[in-house]
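Listing of coords-v3.pdb; format and content: PDB, C-alpha atoms, pLDDT in the B column.
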```pdb
ATOM      1  CA  VAL R1291      18.477   0.373   7.936  1.00 35.00           C
ATOM      2  CA  ALA R1292      18.697  -0.991  11.470  1.00 36.00           C
ATOM      3  CA  PRO R1293      15.528  -1.877  13.348  1.00 35.00           C
ATOM      4  CA  SER R1294      14.078   0.634  15.791  1.00 31.00           C
ATOM      5  CA  ARG R1295      15.903   0.939  19.088  1.00 30.00           C
ATOM      6  CA  HIS R1296      12.559   0.461  20.810  1.00 29.00           C
ATOM      7  CA  ALA R1297      12.174  -3.227  21.500  1.00 30.00           C
ATOM      8  CA  ILE R1298       9.150  -4.948  20.020  1.00 29.00           C
ATOM      9  CA  ALA R1299       7.971  -8.007  21.859  1.00 32.00           C
ATOM     10  CA  PRO R1300       7.583 -11.059  19.619  1.00 34.00           C
ATOM     11  CA  ALA R1301       3.991 -11.785  18.719  1.00 38.00           C
ATOM     12  CA  ALA R1302       2.433 -14.992  17.524  1.00 40.00           C
ATOM     13  CA  ASP R1303       1.516 -14.872  13.876  1.00 51.00           C
ATOM     14  CA  PHE R1304      -2.191 -14.951  13.254  1.00 49.00           C
ATOM     15  CA  ARG R1305      -4.456 -14.796  10.257  1.00 59.00           C
ATOM     16  CA  ARG R1306      -7.819 -13.139  10.626  1.00 61.00           C
ATOM     17  CA  MET R1307      -8.591 -10.454  13.156  1.00 58.00           C
ATOM     18  CA  SER R1308     -12.229  -9.883  12.226  1.00 53.00           C
ATOM     19  CA  PRO R1309     -14.981 -11.969  10.623  1.00 47.00           C
ATOM     20  CA  PRO R1310     -14.461 -12.635   6.884  1.00 46.00           C
ATOM     21  CA  THR R1311     -17.303 -10.337   5.796  1.00 45.00           C
ATOM     22  CA  ASN R1312     -15.873  -9.212   2.485  1.00 46.00           C
ATOM     23  CA  SER R1313     -19.177  -8.076   1.038  1.00 58.00           C
ATOM     24  CA  GLY R1314     -17.876  -4.660   0.013  1.00 81.00           C
ATOM     25  CA  ARG R1315     -16.601  -3.798  -3.450  1.00 90.00           C
ATOM     26  CA  ARG R1316     -12.859  -3.101  -3.766  1.00 97.00           C
ATOM     27  CA  ASP R1317     -12.209  -0.590  -6.534  1.00 97.00           C
ATOM     28  CA  ILE R1318      -8.573   0.187  -5.712  1.00 98.00           C
ATOM     29  CA  VAL R1319      -5.634  -1.218  -3.740  1.00 98.00           C
ATOM     30  CA  ALA R1320      -3.521   1.177  -1.661  1.00 98.00           C
ATOM     31  CA  ILE R1321      -0.166  -0.055  -0.326  1.00 99.00           C
ATOM     32  CA  ALA R1322       2.256   1.463   2.203  1.00 98.00           C
ATOM     33  CA  SER R1323       5.840   0.336   2.739  1.00 98.00           C
ATOM     34  CA  SER R1324       9.128   1.660   4.060  1.00 98.00           C
ATOM     35  CA  THR R1325      12.248  -0.123   5.355  1.00 98.00           C
ATOM     36  CA  GLY R1326      12.467  -3.421   3.483  1.00 98.00           C
ATOM     37  CA  GLY R1327       9.690  -2.286   1.179  1.00 98.00           C
ATOM     38  CA  PRO R1328      11.589  -2.338  -2.124  1.00 98.00           C
ATOM     39  CA  MET R1329      12.432  -6.003  -1.582  1.00 98.00           C
ATOM     40  CA  ALA R1330       8.883  -6.793  -0.456  1.00 98.00           C
ATOM     41  CA  LEU R1331       7.322  -5.013  -3.433  1.00 98.00           C
ATOM     42  CA  SER R1332       9.764  -6.770  -5.767  1.00 98.00           C
ATOM     43  CA  GLU R1333       8.344 -10.048  -4.510  1.00 98.00           C
ATOM     44  CA  LEU R1334       4.696  -9.004  -4.360  1.00 98.00           C
ATOM     45  CA  ILE R1335       4.008  -7.031  -7.547  1.00 98.00           C
ATOM     46  CA  PRO R1336       5.497  -9.534 -10.043  1.00 98.00           C
ATOM     47  CA  LYS R1337       3.118 -12.187  -8.702  1.00 98.00           C
ATOM     48  CA  LEU R1338       0.023 -10.235  -9.740  1.00 98.00           C
ATOM     49  CA  PRO R1339      -1.762 -11.207 -12.963  1.00 98.00           C
ATOM     50  CA  LYS R1340      -1.667  -8.933 -16.004  1.00 97.00           C
ATOM     51  CA  LYS R1341      -5.424  -8.461 -15.861  1.00 96.00           C
ATOM     52  CA  PHE R1342      -5.513  -7.420 -12.212  1.00 98.00           C
ATOM     53  CA  PRO R1343      -9.006  -5.896 -12.087  1.00 98.00           C
ATOM     54  CA  VAL R1344      -8.348  -2.638 -10.200  1.00 98.00           C
ATOM     55  CA  PRO R1345      -5.596   0.008 -10.017  1.00 98.00           C
ATOM     56  CA  ILE R1346      -2.918  -0.068  -7.320  1.00 98.00           C
ATOM     57  CA  VAL R1347      -1.280   2.953  -5.689  1.00 98.00           C
ATOM     58  CA  ILE R1348       1.858   2.659  -3.560  1.00 98.00           C
ATOM     59  CA  THR R1349       3.672   4.934  -1.165  1.00 98.00           C
ATOM     60  CA  GLN R1350       7.189   3.614  -0.571  1.00 98.00           C
ATOM     61  CA  HIS R1351       9.484   5.801   1.482  1.00 98.00           C
ATOM     62  CA  MET R1352      12.336   6.370  -0.964  1.00 96.00           C
ATOM     63  CA  PRO R1353      14.441   9.348  -2.104  1.00 95.00           C
ATOM     64  CA  LYS R1354      13.449  11.015  -5.372  1.00 96.00           C
ATOM     65  CA  GLU R1355      16.656   9.842  -7.053  1.00 97.00           C
ATOM     66  CA  PHE R1356      15.567   6.217  -6.760  1.00 97.00           C
ATOM     67  CA  THR R1357      11.829   6.020  -7.476  1.00 98.00           C
ATOM     68  CA  PRO R1358      12.163   6.304 -11.305  1.00 98.00           C
ATOM     69  CA  SER R1359      14.589   3.395 -11.587  1.00 98.00           C
ATOM     70  CA  PHE R1360      12.718   1.362  -8.987  1.00 98.00           C
ATOM     71  CA  SER R1361       9.449   1.803 -10.880  1.00 98.00           C
ATOM     72  CA  LYS R1362      11.128   0.767 -14.128  1.00 98.00           C
ATOM     73  CA  ARG R1363      12.673  -2.346 -12.564  1.00 98.00           C
ATOM     74  CA  LEU R1364       9.318  -3.391 -11.167  1.00 98.00           C
ATOM     75  CA  ASN R1365       7.653  -2.762 -14.519  1.00 98.00           C
ATOM     76  CA  ASP R1366      10.249  -4.869 -16.323  1.00 98.00           C
ATOM     77  CA  SER R1367       9.753  -7.798 -13.936  1.00 98.00           C
ATOM     78  CA  SER R1368       5.945  -7.688 -13.694  1.00 98.00           C
ATOM     79  CA  GLU R1369       2.922  -8.507 -15.826  1.00 98.00           C
ATOM     80  CA  VAL R1370       1.086  -5.455 -14.518  1.00 98.00           C
ATOM     81  CA  GLU R1371       2.199  -1.999 -15.664  1.00 98.00           C
ATOM     82  CA  VAL R1372       4.245  -0.078 -13.085  1.00 98.00           C
ATOM     83  CA  LEU R1373       4.764   3.683 -13.360  1.00 98.00           C
ATOM     84  CA  GLU R1374       6.109   6.474 -11.203  1.00 98.00           C
ATOM     85  CA  GLY R1375       3.222   8.810 -10.463  1.00 98.00           C
ATOM     86  CA  PHE R1376       2.828  12.221 -12.089  1.00 98.00           C
ATOM     87  CA  ASP R1377       0.119  14.866 -12.199  1.00 98.00           C
ATOM     88  CA  GLY R1378      -2.793  13.746 -14.362  1.00 98.00           C
ATOM     89  CA  LEU R1379      -1.747  10.105 -14.700  1.00 98.00           C
ATOM     90  CA  THR R1380      -4.927   8.035 -15.054  1.00 98.00           C
ATOM     91  CA  LEU R1381      -5.549   5.077 -12.792  1.00 98.00           C
ATOM     92  CA  LYS R1382      -6.834   1.951 -14.483  1.00 98.00           C
ATOM     93  CA  PRO R1383      -7.013  -1.805 -13.887  1.00 98.00           C
ATOM     94  CA  GLY R1384      -3.645  -3.492 -14.113  1.00 98.00           C
ATOM     95  CA  ARG R1385      -1.734  -0.245 -13.550  1.00 98.00           C
ATOM     96  CA  VAL R1386       0.468   0.226 -10.483  1.00 98.00           C
ATOM     97  CA  VAL R1387       1.477   3.770  -9.551  1.00 98.00           C
ATOM     98  CA  ILE R1388       4.359   4.493  -7.170  1.00 98.00           C
ATOM     99  CA  ALA R1389       4.578   7.837  -5.390  1.00 98.00           C
ATOM    100  CA  PRO R1390       7.643   9.779  -6.565  1.00 98.00           C
ATOM    101  CA  GLY R1391      10.217  10.478  -3.901  1.00 98.00           C
ATOM    102  CA  GLY R1392       9.808  13.899  -2.326  1.00 97.00           C
ATOM    103  CA  LYS R1393       6.121  14.280  -3.292  1.00 98.00           C
ATOM    104  CA  HIS R1394       2.908  13.104  -1.669  1.00 98.00           C
ATOM    105  CA  LEU R1395       0.656  11.068  -3.964  1.00 98.00           C
ATOM    106  CA  THR R1396      -3.052  11.936  -3.854  1.00 98.00           C
ATOM    107  CA  ILE R1397      -5.985  10.771  -5.954  1.00 98.00           C
ATOM    108  CA  ARG R1398      -8.758  12.760  -7.616  1.00 97.00           C
ATOM    109  CA  ARG R1399     -11.831  11.176  -9.149  1.00 95.00           C
ATOM    110  CA  ARG R1400     -14.133  13.071 -11.497  1.00 94.00           C
ATOM    111  CA  ALA R1401     -16.965  11.549 -13.536  1.00 92.00           C
ATOM    112  CA  GLY R1402     -15.676   8.097 -12.660  1.00 87.00           C
ATOM    113  CA  VAL R1403     -12.121   8.774 -13.873  1.00 96.00           C
ATOM    114  CA  ALA R1404      -9.379   8.686 -11.232  1.00 97.00           C
ATOM    115  CA  THR R1405      -6.102  10.533 -11.748  1.00 98.00           C
ATOM    116  CA  CYS R1406      -2.979  11.198  -9.737  1.00 98.00           C
ATOM    117  CA  ALA R1407      -2.169  14.561  -8.209  1.00 98.00           C
ATOM    118  CA  LEU R1408       1.150  15.294  -6.535  1.00 98.00           C
ATOM    119  CA  SER R1409       1.430  17.460  -3.441  1.00 97.00           C
ATOM    120  CA  ASP R1410       4.420  19.383  -2.121  1.00 97.00           C
ATOM    121  CA  ALA R1411       2.908  19.670   1.363  1.00 97.00           C
ATOM    122  CA  PRO R1412       5.313  19.265   4.313  1.00 97.00           C
ATOM    123  CA  PRO R1413       6.361  15.804   5.501  1.00 97.00           C
ATOM    124  CA  VAL R1414       3.972  13.905   7.758  1.00 97.00           C
ATOM    125  CA  LEU R1415       5.567  11.912  10.582  1.00 97.00           C
ATOM    126  CA  SER R1416       8.898  12.988   9.035  1.00 97.00           C
ATOM    127  CA  VAL R1417       8.237  11.225   5.711  1.00 98.00           C
ATOM    128  CA  LYS R1418       7.480  12.488   2.219  1.00 98.00           C
ATOM    129  CA  PRO R1419       5.782  10.811   0.447  1.00 98.00           C
ATOM    130  CA  ALA R1420       3.496   9.810   3.323  1.00 98.00           C
ATOM    131  CA  ALA R1421       1.147   6.847   3.172  1.00 98.00           C
ATOM    132  CA  ASN R1422      -1.232   8.658   5.514  1.00 98.00           C
ATOM    133  CA  ILE R1423      -1.822  11.379   2.939  1.00 98.00           C
ATOM    134  CA  MET R1424      -2.336   8.862   0.146  1.00 98.00           C
ATOM    135  CA  PHE R1425      -4.686   6.721   2.261  1.00 98.00           C
ATOM    136  CA  LEU R1426      -6.758   9.741   3.323  1.00 98.00           C
ATOM    137  CA  SER R1427      -7.024  10.845  -0.291  1.00 98.00           C
ATOM    138  CA  VAL R1428      -8.146   7.375  -1.350  1.00 98.00           C
ATOM    139  CA  ALA R1429     -10.694   7.357   1.476  1.00 98.00           C
ATOM    140  CA  ASP R1430     -12.087  10.688   0.264  1.00 97.00           C
ATOM    141  CA  GLU R1431     -12.471   9.473  -3.318  1.00 97.00           C
ATOM    142  CA  TYR R1432     -13.343   5.791  -2.880  1.00 97.00           C
ATOM    143  CA  GLY R1433     -14.900   5.601   0.576  1.00 96.00           C
ATOM    144  CA  GLY R1434     -14.703   2.052   1.862  1.00 96.00           C
ATOM    145  CA  ASN R1435     -14.350   0.369  -1.539  1.00 97.00           C
ATOM    146  CA  VAL R1436     -10.641  -0.063  -0.904  1.00 98.00           C
ATOM    147  CA  LEU R1437      -8.165  -2.819  -0.100  1.00 98.00           C
ATOM    148  CA  CYS R1438      -5.430  -1.344   2.088  1.00 98.00           C
ATOM    149  CA  VAL R1439      -2.107  -3.173   2.558  1.00 98.00           C
ATOM    150  CA  ILE R1440       0.611  -2.176   5.040  1.00 98.00           C
ATOM    151  CA  LEU R1441       3.983  -3.802   4.470  1.00 98.00           C
ATOM    152  CA  THR R1442       7.292  -3.774   6.310  1.00 98.00           C
ATOM    153  CA  GLY R1443       8.564  -0.441   7.557  1.00 98.00           C
ATOM    154  CA  MET R1444       9.861   1.605  10.462  1.00 97.00           C
ATOM    155  CA  GLY R1445       7.571   3.987  12.290  1.00 97.00           C
ATOM    156  CA  ARG R1446       3.796   4.274  12.116  1.00 97.00           C
ATOM    157  CA  ASP R1447       3.062   5.968   8.800  1.00 98.00           C
ATOM    158  CA  GLY R1448      -0.157   4.581   7.362  1.00 98.00           C
ATOM    159  CA  THR R1449      -1.981   3.825  10.607  1.00 98.00           C
ATOM    160  CA  ASP R1450      -4.068   7.006  10.730  1.00 98.00           C
ATOM    161  CA  GLY R1451      -4.960   6.725   7.055  1.00 98.00           C
ATOM    162  CA  ALA R1452      -5.802   3.042   7.422  1.00 98.00           C
ATOM    163  CA  ALA R1453      -8.047   3.923  10.373  1.00 98.00           C
ATOM    164  CA  ALA R1454      -9.928   6.427   8.214  1.00 98.00           C
ATOM    165  CA  LEU R1455     -10.323   3.811   5.477  1.00 98.00           C
ATOM    166  CA  LYS R1456     -11.442   1.178   7.982  1.00 97.00           C
ATOM    167  CA  ARG R1457     -14.130   3.489   9.372  1.00 97.00           C
ATOM    168  CA  LYS R1458     -15.572   3.722   5.862  1.00 96.00           C
ATOM    169  CA  GLY R1459     -15.575  -0.042   5.377  1.00 96.00           C
ATOM    170  CA  ALA R1460     -12.216  -0.762   3.733  1.00 97.00           C
ATOM    171  CA  TYR R1461     -10.436  -4.094   4.222  1.00 98.00           C
ATOM    172  CA  VAL R1462      -6.953  -3.817   5.752  1.00 98.00           C
ATOM    173  CA  ILE R1463      -4.126  -6.351   5.482  1.00 98.00           C
ATOM    174  CA  ALA R1464      -0.876  -6.072   7.453  1.00 98.00           C
ATOM    175  CA  GLU R1465       2.290  -8.020   6.737  1.00 98.00           C
ATOM    176  CA  SER R1466       3.135 -10.425   9.549  1.00 98.00           C
ATOM    177  CA  GLN R1467       6.120  -9.956  11.797  1.00 98.00           C
ATOM    178  CA  LYS R1468       7.799 -13.125  10.567  1.00 97.00           C
ATOM    179  CA  THR R1469       8.401 -11.731   7.058  1.00 98.00           C
ATOM    180  CA  CYS R1470       8.920  -8.032   7.868  1.00 98.00           C
ATOM    181  CA  VAL R1471      12.390  -6.519   7.779  1.00 98.00           C
ATOM    182  CA  VAL R1472      11.081  -4.052  10.367  1.00 98.00           C
ATOM    183  CA  TYR R1473       7.774  -4.772  12.093  1.00 98.00           C
ATOM    184  CA  GLY R1474       6.951  -1.130  12.779  1.00 98.00           C
ATOM    185  CA  MET R1475       4.262   0.121  10.405  1.00 98.00           C
ATOM    186  CA  PRO R1476       2.249  -3.128  10.388  1.00 98.00           C
ATOM    187  CA  LYS R1477       2.493  -3.412  14.187  1.00 98.00           C
ATOM    188  CA  ALA R1478       1.244   0.154  14.651  1.00 98.00           C
ATOM    189  CA  ALA R1479      -1.813  -0.629  12.533  1.00 98.00           C
ATOM    190  CA  VAL R1480      -2.431  -3.915  14.363  1.00 98.00           C
ATOM    191  CA  ASP R1481      -2.096  -2.211  17.741  1.00 98.00           C
ATOM    192  CA  ALA R1482      -4.574   0.457  16.608  1.00 98.00           C
ATOM    193  CA  GLY R1483      -7.140  -2.255  15.872  1.00 97.00           C
ATOM    194  CA  VAL R1484      -7.634  -1.331  12.223  1.00 97.00           C
ATOM    195  CA  VAL R1485      -6.338  -4.541  10.608  1.00 98.00           C
ATOM    196  CA  ASP R1486      -8.622  -7.276   9.285  1.00 97.00           C
ATOM    197  CA  GLU R1487      -5.994  -9.844   8.356  1.00 97.00           C
ATOM    198  CA  VAL R1488      -2.304 -10.422   9.070  1.00 98.00           C
ATOM    199  CA  LEU R1489      -0.431 -12.430   6.442  1.00 98.00           C
ATOM    200  CA  PRO R1490       3.152 -13.344   5.569  1.00 98.00           C
ATOM    201  CA  LEU R1491       4.392 -11.560   2.470  1.00 98.00           C
ATOM    202  CA  ASN R1492       4.210 -14.641   0.225  1.00 98.00           C
ATOM    203  CA  GLU R1493       0.452 -14.953   0.855  1.00 98.00           C
ATOM    204  CA  ILE R1494      -0.457 -11.316   0.217  1.00 98.00           C
ATOM    205  CA  PRO R1495      -0.574 -11.479  -3.630  1.00 98.00           C
ATOM    206  CA  ASP R1496      -3.170 -14.280  -3.594  1.00 97.00           C
ATOM    207  CA  ALA R1497      -5.126 -12.440  -0.905  1.00 97.00           C
ATOM    208  CA  MET R1498      -5.166  -9.306  -3.048  1.00 98.00           C
ATOM    209  CA  VAL R1499      -6.509 -11.235  -6.023  1.00 97.00           C
ATOM    210  CA  ARG R1500      -9.107 -12.932  -3.812  1.00 96.00           C
ATOM    211  CA  LEU R1501     -10.334  -9.704  -2.275  1.00 97.00           C
ATOM    212  CA  VAL R1502     -10.678  -7.641  -5.444  1.00 96.00           C
ATOM    213  CA  ASN R1503     -12.469 -10.339  -7.482  1.00 88.00           C
TER     214      ASN R1503
END
```

How does the structure come out when it is put into structure tokens?
Amino acid sequence: VAPSRHAIAPAADFRRMSPPTNSGRRDIVAIASSTGGPMALSELIPKLPKKFPVPIVITQHMPKEFTPSFSKRLNDSSEVEVLEGFDGLTLKPGRVVIAPGGKHLTIRRRAGVATCALSDAPPVLSVKPAANIMFLSVADEYGGNVLCVILTGMGRDGTDGAAALKRKGAYVIAESQKTCVVYGMPKAAVDAGVVDEVLPLNEIPDAMVRLVN
């Protein structure tokens, strides 16, 4: 997919946008990605250790015909378990859940047990699944005990949800322009002032491990 026709001025890469006060607990990782996301996730997820201590949920903009095979490929190449989300699927440490194409992924937590719930609500910002819906759901269930990651992608899906998470105390990482296929979604979050740290893709796996341990 070609980059947006709206020109984006080059920006210097930088690391930390706010003081490194990571005193909060991180009980889940929520990731958003779009254009270039399958390649980025194929680099990121296989670098995570088998005993990754919290669950991971992902919204990748992708048609429903492709999310099953994409999830399987990631599972086959990773130490963590990767599954396409379905109603009632339990979240647990070391499990990565990818939103199925054509459905929004939301999270419900009852008596300490978190499960997936799929929604057939209309698209948000012209995308379905939408990271905003997933992020808002995670914010409702986990408050600020969340690590939020926004990877390469066109548009601004994820910014509003990341803002809601940030207000509750979540830590937000955005992929840097130098490794993005399209610096749209991360830039929107940076411009909104909701990002704690900007990192190139190759440094995000280690940062995830650091921030959830």

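If only C-alpha atoms are the atoms counted, then among R:Gly1451, R:Pro1495, R:Gly1384, R:Pro1336 the closest residue to R:Ala1482 is R:Gly1451.
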
Exercise for the section: Please provide the set of residues having any atom within 9 Å of R:Lys1458, restricted to only C-alpha atoms, with same-chain residues fewer than 6 positions apart removed, written as a PyMOL selection string. Expected result: chain R and resi 1429+1433-1435

Practice task
Evaluate the PyMOL selection byres ((chain R and resi 1332) around 12) here and jot the selected residues down as a list in words.
Solution key: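 When the PyMOL selection byres ((chain R and resi 1332) around 12) is applied, the selected residues are Ser1323, Gly1326, Gly1327, Pro1328, Met1329, Ala1330, Leu1331, Glu1333, Leu1334, Ile1335, Pro1336, Lys1337, Leu1338, Gln1350, Phe1360, Ser1361, Lys1362, Arg1363, Leu1364, Asn1365, Asp1366, Ser1367, Ser1368, Val1372, Leu1491, Asn1492 and Pro1495 of chain R.
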
Exercise for the section: Between atom CA of R:Cys1470 and atom CA of R:Leu1437, measure the distance and give it in Å to one decimal. Expected result: 19.6 Å

Handout entry: Residues matched by the PyMOL selection byres ((chain R and resi 1471) around 12), written as a VMD selection string
Key = chain R and resid 1291 to 1294 1323 to 1330 1441 to 1444 1465 to 1470 1472 to 1476 1490 to 1491

Practice task
Name all residues at most 9 Å from R:Arg1398 (count only C-alpha atoms; drop same-chain ones fewer than 2 positions away) and give them as a PyMOL selection string.
Solution key: chain R and resi 1396+1400+1403-1407+1427-1428+1430-1431

Take the selection from the previous step and output its residues with C-alpha atoms, as a compact mmCIF listing (two decimals), in the frame of the given file.
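Written output follows (out24.txt):
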```
# COMPACT_ATOMS: atom_id res chain seq x y z
CA THR R 1396 -3.05 11.94 -3.85
CA ARG R 1400 -14.13 13.07 -11.50
CA VAL R 1403 -12.12 8.77 -13.87
CA ALA R 1404 -9.38 8.69 -11.23
CA THR R 1405 -6.10 10.53 -11.75
CA CYS R 1406 -2.98 11.20 -9.74
CA ALA R 1407 -2.17 14.56 -8.21
CA SER R 1427 -7.02 10.84 -0.29
CA VAL R 1428 -8.15 7.38 -1.35
CA ASP R 1430 -12.09 10.69 0.26
CA GLU R 1431 -12.47 9.47 -3.32
```

List the residues selected by the PyMOL selection byres ((chain R and resi 1385-1392) around 7) in the file shown, writing them as a PDB file with C-alpha atoms, keeping the file's coordinate frame.
```pdb
ATOM      1  CA  PRO R1345      -5.596   0.008 -10.017  1.00 98.00           C
ATOM      2  CA  ILE R1346      -2.918  -0.068  -7.320  1.00 98.00           C
ATOM      3  CA  VAL R1347      -1.280   2.953  -5.689  1.00 98.00           C
ATOM      4  CA  ILE R1348       1.858   2.659  -3.560  1.00 98.00           C
ATOM      5  CA  THR R1349       3.672   4.934  -1.165  1.00 98.00           C
ATOM      6  CA  GLN R1350       7.189   3.614  -0.571  1.00 98.00           C
ATOM      7  CA  MET R1352      12.336   6.370  -0.964  1.00 96.00           C
ATOM      8  CA  PRO R1353      14.441   9.348  -2.104  1.00 95.00           C
ATOM      9  CA  LYS R1354      13.449  11.015  -5.372  1.00 96.00           C
ATOM     10  CA  THR R1357      11.829   6.020  -7.476  1.00 98.00           C
ATOM     11  CA  SER R1361       9.449   1.803 -10.880  1.00 98.00           C
ATOM     12  CA  VAL R1370       1.086  -5.455 -14.518  1.00 98.00           C
ATOM     13  CA  GLU R1371       2.199  -1.999 -15.664  1.00 98.00           C
ATOM     14  CA  VAL R1372       4.245  -0.078 -13.085  1.00 98.00           C
ATOM     15  CA  LEU R1373       4.764   3.683 -13.360  1.00 98.00           C
ATOM     16  CA  GLU R1374       6.109   6.474 -11.203  1.00 98.00           C
ATOM     17  CA  GLY R1375       3.222   8.810 -10.463  1.00 98.00           C
ATOM     18  CA  LEU R1381      -5.549   5.077 -12.792  1.00 98.00           C
ATOM     19  CA  LYS R1382      -6.834   1.951 -14.483  1.00 98.00           C
ATOM     20  CA  PRO R1383      -7.013  -1.805 -13.887  1.00 98.00           C
ATOM     21  CA  GLY R1384      -3.645  -3.492 -14.113  1.00 98.00           C
ATOM     22  CA  LYS R1393       6.121  14.280  -3.292  1.00 98.00           C
ATOM     23  CA  HIS R1394       2.908  13.104  -1.669  1.00 98.00           C
ATOM     24  CA  LEU R1395       0.656  11.068  -3.964  1.00 98.00           C
ATOM     25  CA  LYS R1418       7.480  12.488   2.219  1.00 98.00           C
ATOM     26  CA  PRO R1419       5.782  10.811   0.447  1.00 98.00           C
TER      27      PRO R1419
END
```

Problem - Using all atoms listed in the file: which of R:Gly1378, R:Glu1355, R:Asp1447, R:Leu1415 has the shortest distance to R:Ala1322 - result: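 Answer, going by the shortest atom-to-atom distance: R:Asp1447.
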
Handout entry: Top pick for closest residue to R:Val1499, considering R:Arg1315, R:Pro1339, R:Ser1409, R:Ile1321 and counting only C-alpha atoms
Key =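 Closest to R:Val1499 of all the choices is R:Pro1339.
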
Practice task
Can you work out which one of R:Glu1369, R:Val1485, R:Arg1457, R:Val1436 has the shortest atom-to-atom distance to R:Lys1341, counting all atoms listed in the file?
Solution key: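 Looking at the shortest contact to R:Lys1341, the residue is R:Glu1369.
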
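The space between atom CA of R:Arg1446 and atom CA of R:Val1488 spans 16.2 Å.
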
Practice task
Record the distance separating atom CA of R:Val1462 and atom CA of R:Val1484, expressed in Å with one decimal.
Solution key: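 About the pair atom CA of R:Val1462 and atom CA of R:Val1484: they are 7.0 Å apart.
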
Could you write out as AutoDock Vina command-line options the box around stretch 1455-1462 of chain R (axis-aligned, all atoms listed in the file, 3 Å on each side), with centre and edge lengths in Å to one decimal?
```
--center_x -11.3 --center_y -0.1 --center_z 6.6 --size_x 14.6 --size_y 13.9 --size_z 11.6
```

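Comparing R:Arg1316, R:Ile1440, R:Val1480, R:Val1414 by their smallest distance to R:Ile1463, the closest is R:Ile1440 (using all atoms listed in the file).
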
Handout entry: Option closest in space to R:Ser1416, from R:Val1502, R:Asp1496, R:Gly1402, R:His1351 [counting all atoms listed in the file]
Key =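 Closest to R:Ser1416 of all the choices is R:His1351.
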